[in-house]
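Asker: Pasting structure38.cif here (mmCIF, C-alpha atoms and all ligand atoms):
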data_work
loop_
_atom_site.label_atom_id
_atom_site.label_comp_id
_atom_site.auth_asym_id
_atom_site.auth_seq_id
_atom_site.Cartn_x
_atom_site.Cartn_y
_atom_site.Cartn_z
CA ALA A 30 -19.92 13.54 96.93
CA LYS A 31 -22.42 10.72 97.42
CA LYS A 32 -25.67 11.61 99.14
CA GLY A 33 -25.31 11.21 102.86
CA ALA A 34 -21.55 10.81 102.67
CA LYS A 35 -19.72 13.06 105.07
CA ALA A 36 -17.28 15.39 103.37
CA ALA A 37 -13.70 15.03 104.61
CA PRO A 38 -12.59 17.97 106.75
CA LEU A 39 -10.76 20.61 104.77
CA ARG A 40 -7.03 20.78 105.19
CA THR A 41 -5.74 23.98 106.74
CA ALA A 42 -2.39 25.78 106.78
CA ALA A 43 -1.69 24.15 110.16
CA ASP A 44 -1.64 20.74 108.47
CA PHE A 45 1.44 21.86 106.58
CA LYS A 46 3.33 23.09 109.66
CA LEU A 47 3.45 26.54 108.17
CA ARG A 48 4.74 29.27 110.46
CA LEU A 49 2.27 31.97 109.53
CA THR A 50 2.86 35.40 111.02
CA SER A 51 -0.04 37.86 111.57
CA PRO A 52 -2.77 35.34 110.67
CA ASP A 53 -5.40 37.83 111.89
CA LYS A 54 -4.24 40.62 109.61
CA VAL A 55 -7.20 41.63 107.46
CA ILE A 56 -6.07 41.57 103.84
CA PHE A 57 -9.47 41.83 102.15
CA PRO A 58 -10.80 44.88 104.02
CA GLU A 59 -14.20 44.98 102.27
CA ASP A 60 -14.81 41.38 103.25
CA GLY A 61 -13.03 41.15 106.59
CA LEU A 62 -10.97 38.21 105.35
CA THR A 63 -7.56 37.59 106.90
CA LYS A 64 -4.16 36.30 105.89
CA GLY A 65 -4.92 33.17 107.93
CA GLU A 66 -8.14 32.59 106.04
CA LEU A 67 -6.32 32.99 102.72
CA ALA A 68 -3.64 30.50 103.83
CA ASP A 69 -6.36 28.03 104.85
CA TYR A 70 -8.06 28.47 101.49
CA TYR A 71 -4.81 27.64 99.69
CA ALA A 72 -4.16 24.66 101.97
CA ALA A 73 -7.65 23.31 101.24
CA VAL A 74 -7.40 23.59 97.44
CA GLY A 75 -3.66 22.90 97.36
CA ASP A 76 -3.82 19.58 95.52
CA LEU A 77 -6.06 21.06 92.83
CA MET A 78 -3.84 24.09 92.55
CA MET A 79 -0.68 22.01 92.15
CA ILE A 80 -2.04 20.28 89.02
CA ASP A 81 -1.32 23.47 87.09
CA LEU A 82 1.04 25.44 89.29
CA ALA A 83 3.65 22.78 90.07
CA ARG A 84 7.01 23.27 88.36
CA ARG A 85 5.85 26.28 86.37
CA PRO A 86 7.81 29.56 86.51
CA MET A 87 5.52 31.87 88.38
CA THR A 88 4.82 35.50 89.06
CA LEU A 89 3.38 36.43 92.42
CA ILE A 90 1.22 39.37 93.32
CA ARG A 91 2.19 40.33 96.84
CA CYS A 92 0.25 42.78 98.96
CA PRO A 93 2.08 43.35 102.27
CA SER A 94 -0.62 45.69 103.59
CA GLY A 95 -3.60 43.93 102.11
CA ARG A 96 -5.30 44.03 98.72
CA ALA A 97 -6.44 47.64 98.97
CA LYS A 98 -2.94 49.04 99.53
CA LYS A 99 0.11 48.84 97.34
CA CYS A 100 0.64 45.42 95.71
CA PHE A 101 3.52 44.39 93.48
CA PHE A 102 4.35 41.73 90.92
CA GLN A 103 7.34 39.56 91.72
CA LYS A 104 8.83 37.38 89.04
CA HIS A 105 12.44 37.03 90.09
CA ASP A 106 13.75 35.25 93.11
CA THR A 107 15.20 37.67 95.61
CA GLY A 108 15.89 34.94 98.16
CA SER A 109 14.26 34.28 101.52
CA MET A 110 10.80 33.27 100.31
CA GLY A 111 11.01 29.94 102.11
CA ALA A 112 12.66 26.53 101.95
CA HIS A 113 10.06 25.10 99.56
CA VAL A 114 10.08 28.02 97.15
CA LEU A 115 12.54 26.94 94.49
CA HIS A 116 14.29 28.80 91.71
CA ILE A 117 15.55 28.13 88.25
CA PRO A 118 17.86 30.24 86.08
CA VAL A 119 16.12 31.48 82.94
CA THR A 120 17.71 33.38 80.08
CA GLU A 121 16.00 36.62 79.20
CA GLY A 122 16.10 39.05 76.31
CA ALA A 123 18.58 38.09 73.63
CA GLY A 124 19.89 35.34 75.85
CA THR A 125 22.53 37.55 77.32
CA THR A 126 21.05 37.88 80.81
CA GLU A 127 19.99 35.20 83.21
CA GLU A 128 17.57 35.60 86.11
CA ASP A 129 16.33 33.24 88.79
CA TYR A 130 12.62 32.52 88.44
CA LEU A 131 10.42 31.16 91.18
CA TYR A 132 8.57 27.88 91.16
CA VAL A 133 7.05 25.48 93.64
CA GLU A 134 6.34 21.77 93.51
CA GLU A 135 4.55 21.29 96.81
CA ILE A 136 1.71 22.91 98.70
CA ALA A 137 4.19 23.91 101.40
CA GLY A 138 6.00 26.14 98.91
CA MET A 139 2.77 27.82 97.89
CA LEU A 140 1.96 28.46 101.54
CA GLU A 141 5.38 29.98 102.14
CA CYS A 142 4.52 32.46 99.39
CA VAL A 143 1.29 33.28 101.24
CA GLN A 144 3.32 33.81 104.39
CA MET A 145 5.25 36.40 102.32
CA ASN A 146 1.92 38.13 101.61
CA THR A 147 1.24 36.64 98.20
CA ILE A 148 -2.40 36.83 97.18
CA GLU A 149 -2.24 35.84 93.50
CA PHE A 150 -0.31 33.10 91.67
CA HIS A 151 0.36 33.51 87.95
CA GLY A 152 2.25 31.09 85.76
CA TRP A 153 4.05 30.73 82.46
CA GLY A 154 2.54 28.65 79.67
CA SER A 155 5.33 26.10 80.12
CA ARG A 156 6.81 24.12 82.99
CA ILE A 157 10.44 24.45 84.03
CA ASP A 158 11.25 21.33 82.00
CA PRO A 159 10.90 21.63 79.05
CA LEU A 160 10.86 25.39 79.55
CA GLU A 161 10.86 26.12 75.82
CA LYS A 162 7.81 23.95 75.03
CA PRO A 163 4.46 25.28 76.32
CA ASP A 164 1.89 22.85 77.68
CA ARG A 165 -1.01 25.25 77.26
CA LEU A 166 -2.45 27.96 75.06
CA VAL A 167 -4.46 30.65 76.82
CA PHE A 168 -6.93 32.97 75.17
CA ASP A 169 -7.59 35.74 77.66
CA LEU A 170 -10.93 37.36 76.80
CA ASP A 171 -10.88 40.97 77.96
CA PRO A 172 -14.25 42.68 77.52
CA ASP A 173 -14.59 46.39 76.93
CA GLU A 174 -15.53 48.28 80.04
CA GLY A 175 -19.25 47.93 80.67
CA LEU A 176 -19.72 44.98 78.32
CA GLY A 177 -21.94 42.39 80.01
CA PHE A 178 -20.75 38.97 81.11
CA ASP A 179 -23.36 37.44 78.79
CA LYS A 180 -21.35 38.74 75.84
CA VAL A 181 -18.15 37.29 77.27
CA LYS A 182 -19.79 33.88 77.63
CA VAL A 183 -21.04 33.92 74.04
CA ALA A 184 -17.56 34.90 72.84
CA ALA A 185 -15.94 32.13 74.87
CA VAL A 186 -18.27 29.52 73.40
CA ARG A 187 -17.55 30.86 69.92
CA LEU A 188 -13.85 30.52 70.58
CA ARG A 189 -14.42 26.99 71.77
CA GLU A 190 -16.15 26.13 68.45
CA LEU A 191 -13.44 27.72 66.34
CA LEU A 192 -10.65 25.96 68.22
CA ALA A 193 -12.55 22.67 68.10
CA ASP A 194 -12.72 23.08 64.31
CA LEU A 195 -8.91 23.03 64.41
CA GLY A 196 -8.93 19.92 66.57
CA LEU A 197 -8.29 21.57 69.93
CA GLU A 198 -10.31 20.74 73.00
CA THR A 199 -10.56 23.71 75.36
CA PHE A 200 -11.54 24.42 78.95
CA PRO A 201 -13.03 27.62 80.38
CA LEU A 202 -11.62 29.37 83.43
CA LEU A 203 -13.45 32.22 85.16
CA SER A 204 -10.65 34.72 85.72
CA GLY A 205 -12.04 35.93 89.03
CA GLY A 206 -12.05 39.40 87.47
CA LYS A 207 -14.03 40.45 84.40
CA GLY A 208 -13.27 37.83 81.80
CA ILE A 209 -12.88 34.20 80.87
CA HIS A 210 -9.69 32.40 79.87
CA VAL A 211 -10.17 29.71 77.23
CA ILE A 212 -7.38 27.19 77.72
CA ALA A 213 -6.14 24.56 75.28
CA PRO A 214 -3.69 22.06 76.76
CA LEU A 215 -0.76 21.24 74.48
CA ASP A 216 1.43 18.17 74.17
CA GLN A 217 4.72 20.08 74.51
CA SER A 218 5.76 19.21 70.97
CA ARG A 219 6.37 22.80 69.80
CA GLU A 220 8.45 25.70 71.01
CA TRP A 221 7.40 29.21 72.00
CA PRO A 222 7.71 30.93 68.61
CA ALA A 223 5.34 28.43 66.95
CA VAL A 224 2.82 28.69 69.79
CA LYS A 225 2.87 32.47 69.85
CA SER A 226 2.61 32.65 66.09
CA PHE A 227 -0.44 30.37 66.10
CA ALA A 228 -2.13 32.40 68.84
CA GLU A 229 -1.53 35.65 66.99
CA ARG A 230 -2.61 34.43 63.56
CA PHE A 231 -5.69 32.72 64.97
CA SER A 232 -6.72 35.80 66.98
CA ARG A 233 -6.18 38.22 64.12
CA ALA A 234 -8.16 36.00 61.76
CA ILE A 235 -11.12 35.84 64.13
CA ALA A 236 -11.05 39.56 64.80
CA GLU A 237 -11.12 40.11 61.05
CA ALA A 238 -13.94 37.64 60.44
CA GLU A 239 -16.09 38.62 63.44
CA PRO A 240 -15.25 42.26 64.18
CA GLU A 241 -18.61 42.87 65.87
CA THR A 242 -17.45 40.59 68.71
CA PHE A 243 -13.65 40.47 68.73
CA THR A 244 -10.60 42.68 68.42
CA ALA A 245 -7.01 41.47 68.47
CA ASN A 246 -5.74 45.00 69.03
CA ILE A 247 -4.57 45.77 72.54
CA ARG A 248 -5.47 49.46 72.30
CA LYS A 249 -8.45 50.23 74.49
CA ASN A 250 -9.91 52.66 71.96
CA GLN A 251 -10.19 49.74 69.51
CA ARG A 252 -12.27 47.76 71.97
CA THR A 253 -15.57 49.68 71.96
CA GLY A 254 -18.32 47.18 72.67
CA ARG A 255 -16.00 44.30 71.85
CA ILE A 256 -13.77 41.74 73.46
CA PHE A 257 -10.02 41.93 73.19
CA LEU A 258 -8.57 38.51 72.43
CA ASP A 259 -5.36 38.83 74.43
CA TRP A 260 -3.15 36.41 72.49
CA LEU A 261 -0.04 38.01 74.01
CA ARG A 262 -0.39 35.69 77.01
CA ASN A 263 1.17 33.06 74.72
CA GLN A 264 4.69 34.33 74.49
CA ARG A 265 7.72 33.24 76.43
CA GLY A 266 7.82 35.06 79.74
CA SER A 267 4.12 36.03 79.76
CA THR A 268 1.88 34.69 82.48
CA ALA A 269 -1.76 34.00 83.15
CA VAL A 270 -3.51 33.58 86.46
CA MET A 271 -3.40 29.99 87.68
CA PRO A 272 -6.57 27.97 88.26
CA TYR A 273 -7.80 28.37 91.86
CA SER A 274 -5.59 31.41 92.49
CA ALA A 275 -7.22 34.06 94.64
CA ARG A 276 -7.45 37.55 93.16
CA ALA A 277 -6.47 40.71 95.01
CA ARG A 278 -9.86 42.22 94.27
CA GLU A 279 -12.92 43.11 96.30
CA GLY A 280 -14.91 40.05 97.32
CA ALA A 281 -11.79 37.81 97.44
CA PRO A 282 -12.72 36.06 94.18
CA VAL A 283 -10.77 33.13 92.76
CA ALA A 284 -9.92 31.98 89.24
CA ALA A 285 -12.28 29.03 88.89
CA PRO A 286 -12.32 26.15 86.41
CA VAL A 287 -15.84 25.58 85.09
CA SER A 288 -17.36 23.29 82.50
CA TRP A 289 -18.75 24.42 79.16
CA GLU A 290 -22.07 22.90 80.15
CA GLU A 291 -22.51 25.07 83.24
CA LEU A 292 -21.01 28.26 81.82
CA ASP A 293 -24.34 29.50 80.47
CA GLY A 294 -25.82 29.55 83.97
CA LEU A 295 -22.98 31.47 85.60
CA GLU A 296 -23.50 35.15 86.29
CA ALA A 297 -20.04 36.63 86.63
CA ALA A 298 -16.33 35.90 86.29
CA ASN A 299 -16.00 36.36 90.05
CA ALA A 300 -18.71 33.86 90.99
CA PHE A 301 -16.43 31.89 93.36
CA THR A 302 -14.42 33.24 96.29
CA ILE A 303 -11.93 32.02 98.87
CA ARG A 304 -14.92 31.21 101.11
CA ASP A 305 -15.87 28.47 98.63
CA ALA A 306 -13.04 25.98 99.22
CA ALA A 307 -15.43 23.15 100.15
CA LYS A 308 -17.65 23.82 97.16
CA LEU A 309 -14.65 24.00 94.80
CA LEU A 310 -13.31 20.67 96.06
CA GLU A 311 -16.67 19.00 95.68
CA ARG A 312 -17.10 20.44 92.20
CA ALA A 313 -13.65 19.27 91.11
CA ALA A 314 -14.49 15.70 92.11
CA GLY A 315 -17.78 15.76 90.24
CA ARG A 316 -18.42 14.62 86.71
CA GLY A 317 -18.63 18.12 85.21
CA LEU A 318 -15.02 18.97 85.97
CA LYS A 319 -13.34 15.57 85.81
CA GLY A 320 -10.42 15.90 83.45
CA TRP A 321 -10.64 19.68 83.32
CA GLY A 322 -7.54 21.04 81.61
CA GLN A 323 -6.31 17.59 80.56
CA ALA A 324 -5.85 16.72 76.88
CA LYS A 325 -2.86 15.53 74.91
CA GLN A 326 -3.04 17.49 71.69
CA ALA A 327 -0.62 19.03 69.24
CA LEU A 328 -0.62 22.62 68.09
CA PRO A 329 -2.58 22.74 64.80
CA GLU A 330 -0.39 23.05 61.73
CA ALA A 331 -1.84 25.88 59.63
P1 LIG B 401 -9.66 39.96 83.93
O1 LIG B 401 -10.63 38.88 83.64
O2 LIG B 401 -10.23 40.99 84.83
O3 LIG B 401 -9.06 40.52 82.66
P2 LIG B 401 -7.09 38.75 84.11
O4 LIG B 401 -6.38 37.90 85.09
O5 LIG B 401 -7.35 38.11 82.79
O6 LIG B 401 -8.45 39.26 84.75
P3 LIG B 401 -5.57 40.73 82.63
O7 LIG B 401 -5.30 42.15 82.95
O8 LIG B 401 -6.34 40.44 81.40
O9 LIG B 401 -6.24 40.09 83.93
O10 LIG B 401 -4.17 40.03 82.53
C1 LIG B 401 -4.04 38.73 82.01
C2 LIG B 401 -2.82 38.13 82.65
O11 LIG B 401 -1.66 38.88 82.28
C3 LIG B 401 -2.85 38.19 84.17
O12 LIG B 401 -3.57 37.08 84.71
C4 LIG B 401 -1.38 38.24 84.52
O13 LIG B 401 -0.85 36.92 84.63
C5 LIG B 401 -0.75 38.95 83.34
N1 LIG B 401 -0.49 40.36 83.67
C6 LIG B 401 -1.36 41.38 83.60
N2 LIG B 401 -0.80 42.54 83.99
C7 LIG B 401 0.48 42.26 84.31
C8 LIG B 401 1.61 43.04 84.79
N3 LIG B 401 1.51 44.35 85.02
N4 LIG B 401 2.76 42.39 85.02
C9 LIG B 401 2.87 41.06 84.79
N5 LIG B 401 1.85 40.27 84.36
C10 LIG B 401 0.68 40.86 84.11
MN MN B 402 -8.11 39.15 81.15
MN MN B 403 -5.49 40.60 79.28
#
For this file, produce the structure as structure tokens.
Ligand code: ATP
Ligand code: MN
Ligand code: MN
Answerer:
Amino acid sequence: AKKGAKAAPLRTAADFKLRLTSPDKVIFPEDGLTKGELADYYAAVGDLMMIDLARRPMTLIRCPSGRAKKCFFQKHDTGSMGAHVLHIPVTEGAGTTEEDYLYVEEIAGMLECVQMNTIEFHGWGSRIDPLEKPDRLVFDLDPDEGLGFDKVKVAAVRLRELLADLGLETFPLLSGGKGIHVIAPLDQSREWPAVKSFAERFSRAIAEAEPETFTANIRKNQRTGRIFLDWLRNQRGSTAVMPYSARAREGAPVAAPVSWEELDGLEAANAFTIRDAAKLLERAAGRGLKGWGQAKQALPEA
């Protein structure tokens, strides 16, 4: 924002005529944050959130009794989420079964999910149309327990270089948990098998070349002091947390887009929380994050 310019008031859930029940229910007990405050956070960042979430099959993490009690993943539509929560039939397995998957295309739909006690929004790597052609690659960097965030940052920057060598521009996302997701937008020219195959071959090659930093093996006992490059996010049906999604973790952190330039100065993957809606909006409008996540680029050939 320009110096002296007054920031526009944040939008709230009330602006979307959402009928929110139990707005005072505390769902982040360590932080005293309520369902109403979460709904207001999502209303405020709704436009930013929709850039990635809209028309993408999604998985919700719902926590009916708050983040510290039992939460569950929901990927299929079981009806009754709300009028703006839409569904699309998707074939699963060998193509023999079909299930309805959830998606939204408006902020109102996202807020209806919050009304149904959703805290986290996760999405496929493709949109509902074309469902078979991903529009993003995600490298989910999962550090070994106890490995410092400094190491994660160095690994993310290394990944950026290696992907740039193949012609891919990437964007870093703080997961809101322990790691960083390095995201490469794709032009939707290739189908799932090609995208998954690239992610696997690339990850295995890096783990082989730089084993002091990376492993491509999911087994925790292979991770000692290293970072697991979770390439499995890039297969049909897998999800990754969506930019600006809250996390059902202590502190009410959010998955936050950041720039490569500022990454070095950030201290943790949970640096931003649902209390930071105003700051996140201001950041998104600033030069550092303009165009974050936007690039028309093809999957590299080899
Ligand atoms: P962190 O930085 O702490 O690793 P994360 O969001 O990357 O946070 P991961 O456990 O690495 O968490 O999972 C990566 C992604 O895989 C998640 O964002 C989620 O979309 C998906 N995922 C993880 N566990 C499950 C599960 N049990 N069911 C469905 N999807 C899952
Ligand atoms: Mn992760
Ligand atoms: Mn992971």
Asker: Quick one: contact table of chain A to ligand LIG 401 (chain B), 9 Å max, nearest atom pair and distance in Å to one decimal per residue, counting only C-alpha atoms and all ligand atoms, chain and number order, as JSON lines?
Answerer:
{"residue": "A:Met87", "atom": "CA", "partner": "B:LIG401", "partner_atom": "O13", "distance": 9.0}
{"residue": "A:Thr88", "atom": "CA", "partner": "B:LIG401", "partner_atom": "C9", "distance": 7.3}
{"residue": "A:Leu89", "atom": "CA", "partner": "B:LIG401", "partner_atom": "O13", "distance": 8.9}
{"residue": "A:Ile90", "atom": "CA", "partner": "B:LIG401", "partner_atom": "C9", "distance": 8.9}
{"residue": "A:Phe101", "atom": "CA", "partner": "B:LIG401", "partner_atom": "N3", "distance": 8.7}
{"residue": "A:Phe102", "atom": "CA", "partner": "B:LIG401", "partner_atom": "N4", "distance": 6.1}
{"residue": "A:Gln103", "atom": "CA", "partner": "B:LIG401", "partner_atom": "C9", "distance": 8.4}
{"residue": "A:Lys104", "atom": "CA", "partner": "B:LIG401", "partner_atom": "C9", "distance": 8.2}
{"residue": "A:Glu149", "atom": "CA", "partner": "B:LIG401", "partner_atom": "O12", "distance": 9.0}
{"residue": "A:Phe150", "atom": "CA", "partner": "B:LIG401", "partner_atom": "O13", "distance": 8.0}
{"residue": "A:His151", "atom": "CA", "partner": "B:LIG401", "partner_atom": "O13", "distance": 4.9}
{"residue": "A:Gly152", "atom": "CA", "partner": "B:LIG401", "partner_atom": "O13", "distance": 6.7}
{"residue": "A:Trp153", "atom": "CA", "partner": "B:LIG401", "partner_atom": "O13", "distance": 8.2}
{"residue": "A:Asp169", "atom": "CA", "partner": "B:LIG401", "partner_atom": "O5", "distance": 5.7}
{"residue": "A:Leu170", "atom": "CA", "partner": "B:LIG401", "partner_atom": "O3", "distance": 6.9}
{"residue": "A:Asp171", "atom": "CA", "partner": "B:LIG401", "partner_atom": "O3", "distance": 5.1}
{"residue": "A:Pro172", "atom": "CA", "partner": "B:LIG401", "partner_atom": "O3", "distance": 7.6}
{"residue": "A:Leu203", "atom": "CA", "partner": "B:LIG401", "partner_atom": "O1", "distance": 7.4}
{"residue": "A:Ser204", "atom": "CA", "partner": "B:LIG401", "partner_atom": "O1", "distance": 4.7}
{"residue": "A:Gly205", "atom": "CA", "partner": "B:LIG401", "partner_atom": "O1", "distance": 6.3}
{"residue": "A:Gly206", "atom": "CA", "partner": "B:LIG401", "partner_atom": "O2", "distance": 3.6}
{"residue": "A:Lys207", "atom": "CA", "partner": "B:LIG401", "partner_atom": "O1", "distance": 3.8}
{"residue": "A:Gly208", "atom": "CA", "partner": "B:LIG401", "partner_atom": "O1", "distance": 3.4}
{"residue": "A:Ile209", "atom": "CA", "partner": "B:LIG401", "partner_atom": "O1", "distance": 5.9}
{"residue": "A:His210", "atom": "CA", "partner": "B:LIG401", "partner_atom": "O5", "distance": 6.8}
{"residue": "A:Asp259", "atom": "CA", "partner": "B:LIG401", "partner_atom": "O8", "distance": 7.2}
{"residue": "A:Leu261", "atom": "CA", "partner": "B:LIG401", "partner_atom": "O11", "distance": 8.5}
{"residue": "A:Arg262", "atom": "CA", "partner": "B:LIG401", "partner_atom": "O11", "distance": 6.3}
{"residue": "A:Ser267", "atom": "CA", "partner": "B:LIG401", "partner_atom": "N5", "distance": 6.7}
{"residue": "A:Thr268", "atom": "CA", "partner": "B:LIG401", "partner_atom": "O13", "distance": 4.1}
{"residue": "A:Ala269", "atom": "CA", "partner": "B:LIG401", "partner_atom": "O13", "distance": 3.4}
{"residue": "A:Val270", "atom": "CA", "partner": "B:LIG401", "partner_atom": "O12", "distance": 3.9}
{"residue": "A:Met271", "atom": "CA", "partner": "B:LIG401", "partner_atom": "O12", "distance": 7.7}
{"residue": "A:Arg276", "atom": "CA", "partner": "B:LIG401", "partner_atom": "O4", "distance": 8.1}
{"residue": "A:Ala284", "atom": "CA", "partner": "B:LIG401", "partner_atom": "O4", "distance": 8.0}
{"residue": "A:Ala298", "atom": "CA", "partner": "B:LIG401", "partner_atom": "O1", "distance": 7.0}
{"residue": "A:Asn299", "atom": "CA", "partner": "B:LIG401", "partner_atom": "O1", "distance": 8.7}
Asker: If I take atom CA of Cys142 of chain A and atom CA of Leu67 of chain A, how far is one from the other in Å, to one decimal?
Answerer: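 Distance between the two atoms: 11.4 Å.
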Asker: Let me make sure I understand: among A:Arg91, A:Arg248, A:Lys99, A:Lys180, which one has the smallest atom-to-atom distance to ligand MN 403 (chain B) if we use all atoms listed in the file?
Answerer: A:Arg248
Asker: At a cut-off of 6 Å, using only C-alpha atoms, what residues contact segment 321-331 of chain A? Leave out same-chain residues fewer than 5 positions from it and give the result as a PDB file with C-alpha atoms, in the frame of the given file.
Answerer:
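Heads up, here's the output in result_12.pdb:
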ATOM      1  CA  PHE A 200     -11.540  24.420  78.950  1.00  0.00           C
ATOM      2  CA  PRO A 214      -3.690  22.060  76.760  1.00  0.00           C
ATOM      3  CA  LEU A 215      -0.760  21.240  74.480  1.00  0.00           C
ATOM      4  CA  ASP A 216       1.430  18.170  74.170  1.00  0.00           C
TER       5      ASP A 216
END
Asker: Could you check the closest approach to ligand MN 403 (chain B) for each of A:Lys249, A:Ala72, A:Lys162, A:Asp194 and tell me which residue wins, using only C-alpha atoms and all ligand atoms?
Answerer: A:Lys249
Asker: Contacts between segment 224-239 of chain A and segment 138-168 of chain A, please, where a residue of segment 138-168 of chain A counts if it comes within 10 Å (with all atoms listed in the file); show its shortest atom pair and distance in Å to one decimal, rows by chain and ascending number, as CSV.
Answerer:
residue,atom,partner,partner_atom,distance
A:Gly154,CA,A:Val224,CA,9.9
A:Lys162,CA,A:Val224,CA,8.7
A:Pro163,CA,A:Val224,CA,7.5
A:Asp164,CA,A:Val224,CA,9.9
A:Arg165,CA,A:Val224,CA,9.1
A:Leu166,CA,A:Val224,CA,7.5
A:Val167,CA,A:Ala228,CA,8.5
A:Phe168,CA,A:Ala228,CA,8.0
Asker: Just checking: using only C-alpha atoms and all ligand atoms, which residue out of A:Ser218, A:Leu310, A:Leu202, A:Arg84 ends up closest to ligand MN 402 (chain B)?
Answerer: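 Nearest to ligand MN 402 (chain B): A:Leu202.
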Asker: Between atom CA of Glu141 of chain A and atom CA of Ala68 of chain A, measure the distance and give it in Å to one decimal.
Answerer: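 Between atom CA of Glu141 of chain A and atom CA of Ala68 of chain A the gap is 9.2 Å.
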Asker: Which polymer residues have any atom within 9 Å of an atom of Ile117 of chain A, counting all atoms listed in the file, with same-chain residues fewer than 4 positions away left out, as a PDB file with C-alpha atoms, in the frame of the given file?
Answerer:
ATOM      1  CA  PRO A  86       7.810  29.560  86.510  1.00  0.00           C
ATOM      2  CA  ASP A 106      13.750  35.250  93.110  1.00  0.00           C
ATOM      3  CA  GLU A 128      17.570  35.600  86.110  1.00  0.00           C
ATOM      4  CA  ASP A 129      16.330  33.240  88.790  1.00  0.00           C
ATOM      5  CA  TYR A 130      12.620  32.520  88.440  1.00  0.00           C
ATOM      6  CA  LEU A 131      10.420  31.160  91.180  1.00  0.00           C
ATOM      7  CA  TYR A 132       8.570  27.880  91.160  1.00  0.00           C
ATOM      8  CA  ILE A 157      10.440  24.450  84.030  1.00  0.00           C
TER       9      ILE A 157
END
Asker: What gap, in Å, lies between atom CA of Thr41 of chain A and atom CA of Ala73 of chain A?
Answerer: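 Going from atom CA of Thr41 of chain A over to atom CA of Ala73 of chain A covers 5.9 Å.
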Asker: Of the candidates A:Ile256, A:Ala314, A:Glu291, A:Met78, which one gets nearest to ligand MN 403 (chain B) if we count all atoms listed in the file?
Answerer: A:Ile256
Asker: Find the residue from A:Val186, A:Cys100, A:Ile247, A:Met139 that sits nearest to ligand MN 402 (chain B); use all atoms listed in the file when measuring.
Answerer: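 That would be A:Ile247, the residue with the smallest distance to ligand MN 402 (chain B).
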Asker: Using all atoms listed in the file, which of A:Asp158, A:Asp173, A:Asp76, A:Asp69 sits nearest ligand MN 402 (chain B)?
Answerer: A:Asp173
Asker: Any chance you could work out the axis-aligned box around segment 170-178 of chain A, listed atoms only, 4 Å on each side, giving centre and edge lengths in Å to one decimal, as AutoDock Vina command-line options?
Answerer:
--center_x -16.4 --center_y 42.8 --center_z 79.0 --size_x 19.1 --size_y 18.9 --size_z 12.3
Asker: Could you write segment 174-186 of chain A as a short mmCIF file (atom, residue, chain, number, x, y, z; two decimals), in the frame of the given file, with N, CA and C atoms rebuilt where they are missing?
Answerer:
data_model
loop_
_atom_site.label_atom_id
_atom_site.label_comp_id
_atom_site.auth_asym_id
_atom_site.auth_seq_id
_atom_site.Cartn_x
_atom_site.Cartn_y
_atom_site.Cartn_z
N GLU A 174 -14.89 47.83 78.81
CA GLU A 174 -15.53 48.28 80.04
C GLU A 174 -17.04 48.38 79.85
N GLY A 175 -17.80 47.81 80.76
CA GLY A 175 -19.25 47.93 80.67
C GLY A 175 -19.91 46.85 79.85
N LEU A 176 -19.13 46.08 79.10
CA LEU A 176 -19.72 44.98 78.32
C LEU A 176 -20.17 43.87 79.27
N GLY A 177 -21.38 43.37 79.08
CA GLY A 177 -21.94 42.39 80.01
C GLY A 177 -21.26 41.04 79.95
N PHE A 178 -21.35 40.30 81.05
CA PHE A 178 -20.75 38.97 81.11
C PHE A 178 -21.41 38.02 80.11
N ASP A 179 -22.68 38.26 79.79
CA ASP A 179 -23.36 37.44 78.79
C ASP A 179 -22.59 37.43 77.47
N LYS A 180 -22.10 38.61 77.09
CA LYS A 180 -21.35 38.74 75.84
C LYS A 180 -20.03 37.97 75.92
N VAL A 181 -19.42 38.00 77.09
CA VAL A 181 -18.15 37.29 77.27
C VAL A 181 -18.38 35.78 77.13
N LYS A 182 -19.48 35.32 77.71
CA LYS A 182 -19.79 33.88 77.63
C LYS A 182 -20.02 33.44 76.19
N VAL A 183 -20.77 34.24 75.45
CA VAL A 183 -21.04 33.92 74.04
C VAL A 183 -19.72 33.87 73.26
N ALA A 184 -18.85 34.84 73.54
CA ALA A 184 -17.56 34.90 72.84
C ALA A 184 -16.70 33.69 73.20
N ALA A 185 -16.74 33.29 74.45
CA ALA A 185 -15.94 32.13 74.87
C ALA A 185 -16.41 30.86 74.16
N VAL A 186 -17.72 30.70 74.07
CA VAL A 186 -18.27 29.52 73.40
C VAL A 186 -17.92 29.54 71.91
#
